[in-house]
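Working notes, structure below.
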Amino acid sequence: NRVQVRDSATGNYLETFQGDESTAGGGLLTPSGIAVARLGSQGVFVCDQRHGPRVCEYDRGTGALRRQLVPTCDVNTLSACSLSPCEKLLAVTDSQMHRVHIFTLNGPRPPLVFGEQGFRDGQFMFPSDVCFSADGQFILVADRENHRIQIFELDGTFVRQIKLASHADCVVCQTEGHILTVDDSGLSMFSMAGDVMFSKIGGLNLRYSNLSGLAVDLNDGKIAVADELNSQVHVV
């Protein structure tokens with residue numbers, strides 16, 4: 001029920017924060033997704049379920065709760081979140097309701113919601129991860145049970161899909177614009193057009209693991225994969 005901060009180079013523990021339960025809505029119960037601001041706000045956004053599905057923004061320096069983002073429609077489990085490169089938008093997946101919520105962080109606009117259960121274009125079966133393209137013009141969703149990555153415009157309009165060999169667990173975009181994905185077979189890289197650029201099938205000892213997160217260090221390009229079943233983080 002906490003967020004740990006570790007050194008990206010060594011993996012050494014630095015600090016922990018889990019919110020303040022004495023404040024309204026403070027404290028974390030089941031944190032399941034995180035996004036960290038790199039620009040002026042220095043905010044940390046965490047998906048949690050303690051007082052109903054919500055996204056909590058914490059101050060990265062003090063750990064204090066700044067605000068809560070709550071969906072305006074029926075919601076079940078907010079499982080992953082991602083900030084746009086300009087940090088004005090926050091995309092969040094609701095895996096059980098098969099939807100994506102887009103919050104505007106600097107204004108009163110209500111969240112944009114798109115998606116429904118199904119296998120057609122623009123539909124989802126338990127979306128497990130979400131990210132923005134490197135230029136901030138597109139939203140990419142890991143459509144887990146449909147074994148694909150779907151790409152959308154910022155208004156939720158379907159653009160294209162990238163088929164994977166198995167469950168689409170995680171997706172992230174590198175600064176060069178390449179798409180990194182993890183499924184049951186291993187790690188793969190695609191162009192935004194869907195062309196395969198790299199595939200490391202089973203090369204990370206990730207097969208049969210429960211993969212729950214994928215991130216890229218924007219400074220050195222290292223890739224971190226969270227392996228929930230084996231309680232490990234793989235860095236390649």
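Identifiers for the structure tokens are assigned positionally: chains receive A, B, ... in sequence, residues are indexed from 1 per chain, and ligands are indexed from 1 in the order shown.
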Env of Asp217 in chain A: 12 Å cut, atoms = only C-alpha atoms, seq-sep filter 6 positions within chain, self excluded. Answer as a PDB file with N, CA, C and O atoms, in the first residue's frame.
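Generated output (part.pdb):
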```pdb
ATOM      1  N   ASP A   7      16.805   4.306  -6.903  1.00  0.00           N
ATOM      2  CA  ASP A   7      17.792   4.861  -7.819  1.00  0.00           C
ATOM      3  C   ASP A   7      17.750   4.099  -9.135  1.00  0.00           C
ATOM      4  O   ASP A   7      17.838   2.862  -9.146  1.00  0.00           O
ATOM      5  N   SER A   8      17.584   4.817 -10.264  1.00  0.00           N
ATOM      6  CA  SER A   8      17.439   4.150 -11.561  1.00  0.00           C
ATOM      7  C   SER A   8      18.714   3.450 -11.998  1.00  0.00           C
ATOM      8  O   SER A   8      18.665   2.506 -12.794  1.00  0.00           O
ATOM      9  N   ALA A   9      19.869   3.892 -11.517  1.00  0.00           N
ATOM     10  CA  ALA A   9      21.131   3.298 -11.935  1.00  0.00           C
ATOM     11  C   ALA A   9      21.467   2.042 -11.137  1.00  0.00           C
ATOM     12  O   ALA A   9      21.946   1.051 -11.686  1.00  0.00           O
ATOM     13  N   VAL A  36       4.738   9.898 -13.399  1.00  0.00           N
ATOM     14  CA  VAL A  36       5.531  10.916 -12.701  1.00  0.00           C
ATOM     15  C   VAL A  36       5.785  12.090 -13.623  1.00  0.00           C
ATOM     16  O   VAL A  36       6.300  11.926 -14.730  1.00  0.00           O
ATOM     17  N   ARG A  38       7.634  15.299 -15.060  1.00  0.00           N
ATOM     18  CA  ARG A  38       9.039  15.692 -15.169  1.00  0.00           C
ATOM     19  C   ARG A  38       9.202  17.192 -15.340  1.00  0.00           C
ATOM     20  O   ARG A  38      10.298  17.721 -15.219  1.00  0.00           O
ATOM     21  N   VAL A 172       4.770   1.222 -24.010  1.00  0.00           N
ATOM     22  CA  VAL A 172       5.393   2.510 -23.730  1.00  0.00           C
ATOM     23  C   VAL A 172       6.055   3.000 -25.010  1.00  0.00           C
ATOM     24  O   VAL A 172       6.431   2.203 -25.878  1.00  0.00           O
ATOM     25  N   CYS A 173       6.183   4.314 -25.156  1.00  0.00           N
ATOM     26  CA  CYS A 173       6.839   4.908 -26.323  1.00  0.00           C
ATOM     27  C   CYS A 173       8.183   5.498 -25.934  1.00  0.00           C
ATOM     28  O   CYS A 173       8.299   6.193 -24.908  1.00  0.00           O
ATOM     29  N   GLN A 174       9.197   5.234 -26.736  1.00  0.00           N
ATOM     30  CA  GLN A 174      10.498   5.850 -26.537  1.00  0.00           C
ATOM     31  C   GLN A 174      10.492   7.267 -27.117  1.00  0.00           C
ATOM     32  O   GLN A 174       9.618   7.634 -27.903  1.00  0.00           O
ATOM     33  N   THR A 175      11.501   8.051 -26.746  1.00  0.00           N
ATOM     34  CA  THR A 175      11.588   9.425 -27.242  1.00  0.00           C
ATOM     35  C   THR A 175      11.766   9.455 -28.753  1.00  0.00           C
ATOM     36  O   THR A 175      11.371  10.414 -29.408  1.00  0.00           O
ATOM     37  N   ILE A 223      15.495   0.116 -20.275  1.00  0.00           N
ATOM     38  CA  ILE A 223      14.114  -0.355 -20.200  1.00  0.00           C
ATOM     39  C   ILE A 223      13.935  -1.134 -18.909  1.00  0.00           C
ATOM     40  O   ILE A 223      14.723  -2.040 -18.600  1.00  0.00           O
ATOM     41  N   ALA A 224      12.897  -0.804 -18.146  1.00  0.00           N
ATOM     42  CA  ALA A 224      12.584  -1.503 -16.902  1.00  0.00           C
ATOM     43  C   ALA A 224      11.246  -2.216 -17.065  1.00  0.00           C
ATOM     44  O   ALA A 224      10.269  -1.618 -17.528  1.00  0.00           O
ATOM     45  N   VAL A 225      11.223  -3.507 -16.690  1.00  0.00           N
ATOM     46  CA  VAL A 225      10.006  -4.316 -16.781  1.00  0.00           C
ATOM     47  C   VAL A 225       9.694  -4.858 -15.392  1.00  0.00           C
ATOM     48  O   VAL A 225      10.537  -5.503 -14.765  1.00  0.00           O
ATOM     49  N   VAL A 235      15.938  -4.833 -15.759  1.00  0.00           N
ATOM     50  CA  VAL A 235      16.441  -3.649 -16.445  1.00  0.00           C
ATOM     51  C   VAL A 235      17.346  -4.112 -17.576  1.00  0.00           C
ATOM     52  O   VAL A 235      18.291  -4.891 -17.357  1.00  0.00           O
ATOM     53  N   VAL A 236      17.035  -3.664 -18.813  1.00  0.00           N
ATOM     54  CA  VAL A 236      17.809  -4.099 -19.983  1.00  0.00           C
ATOM     55  C   VAL A 236      18.240  -2.887 -20.807  1.00  0.00           C
ATOM     56  O   VAL A 236      17.684  -1.803 -20.662  1.00  0.00           O
TER      57      VAL A 236
END
```
task = Using DSSP on the backbone, list every residue of range 11-229 of chain A that comes out as strand (DSSP E or B), and give them as a PyMOL selection string.
result = chain A and resi 13-17+33-36+43-48+50+52+54-59+65-69+78-83+89-94+99-104+112-114+117+124+127-132+138-143+148-153+158-163+170-173+179-183+186-190+196-201+211-216+223-227
Can I get the residues of range 66-140 of chain A within 12 Å of range 42-57 of chain A, each with the closest pair of atoms and their distance in Å to one decimal, using only C-alpha atoms, sorted chain first then ascending number, as a Markdown table?
```
| residue | atom | partner | partner_atom | distance |
| --- | --- | --- | --- | --- |
| A:Arg66 | CA | A:Glu57 | CA | 5.5 |
| A:Arg67 | CA | A:Glu57 | CA | 5.5 |
| A:Gln68 | CA | A:Cys56 | CA | 4.6 |
| A:Leu69 | CA | A:Val55 | CA | 5.0 |
| A:Val70 | CA | A:Arg54 | CA | 4.8 |
| A:Pro71 | CA | A:Arg54 | CA | 7.0 |
| A:Thr72 | CA | A:Arg54 | CA | 10.4 |
| A:Cys73 | CA | A:Pro53 | CA | 11.0 |
| A:Asp74 | CA | A:Pro53 | CA | 9.8 |
| A:Val75 | CA | A:Pro53 | CA | 6.8 |
| A:Asn76 | CA | A:Pro53 | CA | 6.6 |
| A:Thr77 | CA | A:Pro53 | CA | 6.1 |
| A:Leu78 | CA | A:Cys47 | CA | 5.9 |
| A:Ser79 | CA | A:Cys47 | CA | 6.5 |
| A:Ala80 | CA | A:Cys47 | CA | 6.7 |
| A:Cys81 | CA | A:Cys47 | CA | 7.1 |
| A:Ser82 | CA | A:Phe45 | CA | 8.6 |
| A:Leu83 | CA | A:Phe45 | CA | 8.8 |
| A:Glu87 | CA | A:Gly43 | CA | 9.9 |
| A:Lys88 | CA | A:Gly43 | CA | 11.9 |
| A:Leu89 | CA | A:Phe45 | CA | 11.7 |
| A:Leu90 | CA | A:Phe45 | CA | 8.9 |
| A:Ala91 | CA | A:Val55 | CA | 10.5 |
| A:Val92 | CA | A:Cys47 | CA | 8.3 |
| A:Thr93 | CA | A:Cys47 | CA | 9.6 |
| A:Asp94 | CA | A:Pro53 | CA | 9.2 |
| A:Ser95 | CA | A:Pro53 | CA | 11.6 |
| A:Gln96 | CA | A:Pro53 | CA | 11.6 |
| A:Met97 | CA | A:Pro53 | CA | 11.9 |
| A:His101 | CA | A:Val55 | CA | 11.0 |
| A:Ile102 | CA | A:Val55 | CA | 11.7 |
| A:Phe103 | CA | A:Val55 | CA | 10.1 |
| A:Leu105 | CA | A:Glu57 | CA | 10.5 |
```
Mind dumping the selected residues with C-alpha atoms as a PDB file, in the first residue's frame?
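Below is the file that was written, again_10.pdb:
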```pdb
ATOM      1  CA  ARG A  66      -2.633  17.499  -3.817  1.00  0.00           C
ATOM      2  CA  ARG A  67      -5.910  16.384  -5.364  1.00  0.00           C
ATOM      3  CA  GLN A  68      -7.985  13.433  -6.488  1.00  0.00           C
ATOM      4  CA  LEU A  69      -9.205  12.800 -10.023  1.00  0.00           C
ATOM      5  CA  VAL A  70     -12.481  10.888 -10.041  1.00  0.00           C
ATOM      6  CA  PRO A  71     -14.191   9.568 -13.209  1.00  0.00           C
ATOM      7  CA  THR A  72     -17.627  10.974 -13.972  1.00  0.00           C
ATOM      8  CA  CYS A  73     -19.151   7.655 -15.163  1.00  0.00           C
ATOM      9  CA  ASP A  74     -19.383   4.111 -13.820  1.00  0.00           C
ATOM     10  CA  VAL A  75     -15.904   2.800 -13.110  1.00  0.00           C
ATOM     11  CA  ASN A  76     -14.507  -0.416 -11.667  1.00  0.00           C
ATOM     12  CA  THR A  77     -10.718  -0.710 -11.565  1.00  0.00           C
ATOM     13  CA  LEU A  78      -8.323   2.037 -12.676  1.00  0.00           C
ATOM     14  CA  SER A  79      -5.296  -0.042 -13.560  1.00  0.00           C
ATOM     15  CA  ALA A  80      -2.753   2.125 -15.408  1.00  0.00           C
ATOM     16  CA  CYS A  81      -2.104   5.800 -16.138  1.00  0.00           C
ATOM     17  CA  SER A  82       0.165   7.912 -18.338  1.00  0.00           C
ATOM     18  CA  LEU A  83       0.952  11.608 -18.712  1.00  0.00           C
ATOM     19  CA  GLU A  87       1.747  16.961 -19.019  1.00  0.00           C
ATOM     20  CA  LYS A  88      -1.638  18.564 -19.691  1.00  0.00           C
ATOM     21  CA  LEU A  89      -3.467  15.248 -20.178  1.00  0.00           C
ATOM     22  CA  LEU A  90      -3.611  12.075 -18.101  1.00  0.00           C
ATOM     23  CA  ALA A  91      -4.812   8.825 -19.699  1.00  0.00           C
ATOM     24  CA  VAL A  92      -6.184   6.104 -17.410  1.00  0.00           C
ATOM     25  CA  THR A  93      -7.401   2.577 -18.205  1.00  0.00           C
ATOM     26  CA  ASP A  94     -10.406   0.965 -16.520  1.00  0.00           C
ATOM     27  CA  SER A  95      -9.638  -2.681 -17.196  1.00  0.00           C
ATOM     28  CA  GLN A  96     -12.901  -4.161 -15.895  1.00  0.00           C
ATOM     29  CA  MET A  97     -15.178  -1.684 -17.687  1.00  0.00           C
ATOM     30  CA  HIS A 101     -10.476   7.982 -19.418  1.00  0.00           C
ATOM     31  CA  ILE A 102      -8.593  11.127 -20.505  1.00  0.00           C
ATOM     32  CA  PHE A 103      -8.347  13.808 -17.808  1.00  0.00           C
ATOM     33  CA  LEU A 105      -5.265  18.513 -15.783  1.00  0.00           C
TER      34      LEU A 105
END
```
message = Ranking A:Asn146, A:Gly194, A:Leu180, A:Val159 by minimum distance to Lys222 in chain A and counting only C-alpha atoms, which one comes first?
response = A:Leu180
inquiry  = I'd like the interatomic distance between CA of Ile139 in chain A and CA of Glu153 in chain A, to a tenth of an Å.
reply    =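 One can read the CA of Ile139 in chain A to CA of Glu153 in chain A distance as 6.2 Å.
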request  = Identify, on the basis of only C-alpha atoms, every residue whose closest approach to Gly156 in chain A does not exceed 12 Å; exclude the query and any residue fewer than 6 positions from it along the same chain; express the result as a PyMOL selection string.
outcome  = chain A and resi 91+99-102+111-116+121-123+137-141+150
message = If we count only C-alpha atoms and set the cut-off at 6 Å, which residues sit around Gly136 in chain A, ignoring sequence neighbours fewer than 3 positions away in its own chain? Please answer as a PyMOL selection string.
response = chain A and resi 84-85+132-133
inquiry  = Can you measure CA of Asp129 in chain A to CA of Ala142 in chain A for me? One decimal in Å is fine.
reply    =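 Here the two named atoms are 5.0 Å from each other.
The coordinates place CA of Met197 in chain A at 28.4 Å from CA of Gly11 in chain A.
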task = Pick out the residues sitting within 7 Å of Gln161 in chain A, and hand them over as an NGL selection string; count only C-alpha atoms, and ignore anything fewer than 3 positions along from it in its own chain.
result = :A and (148-151)
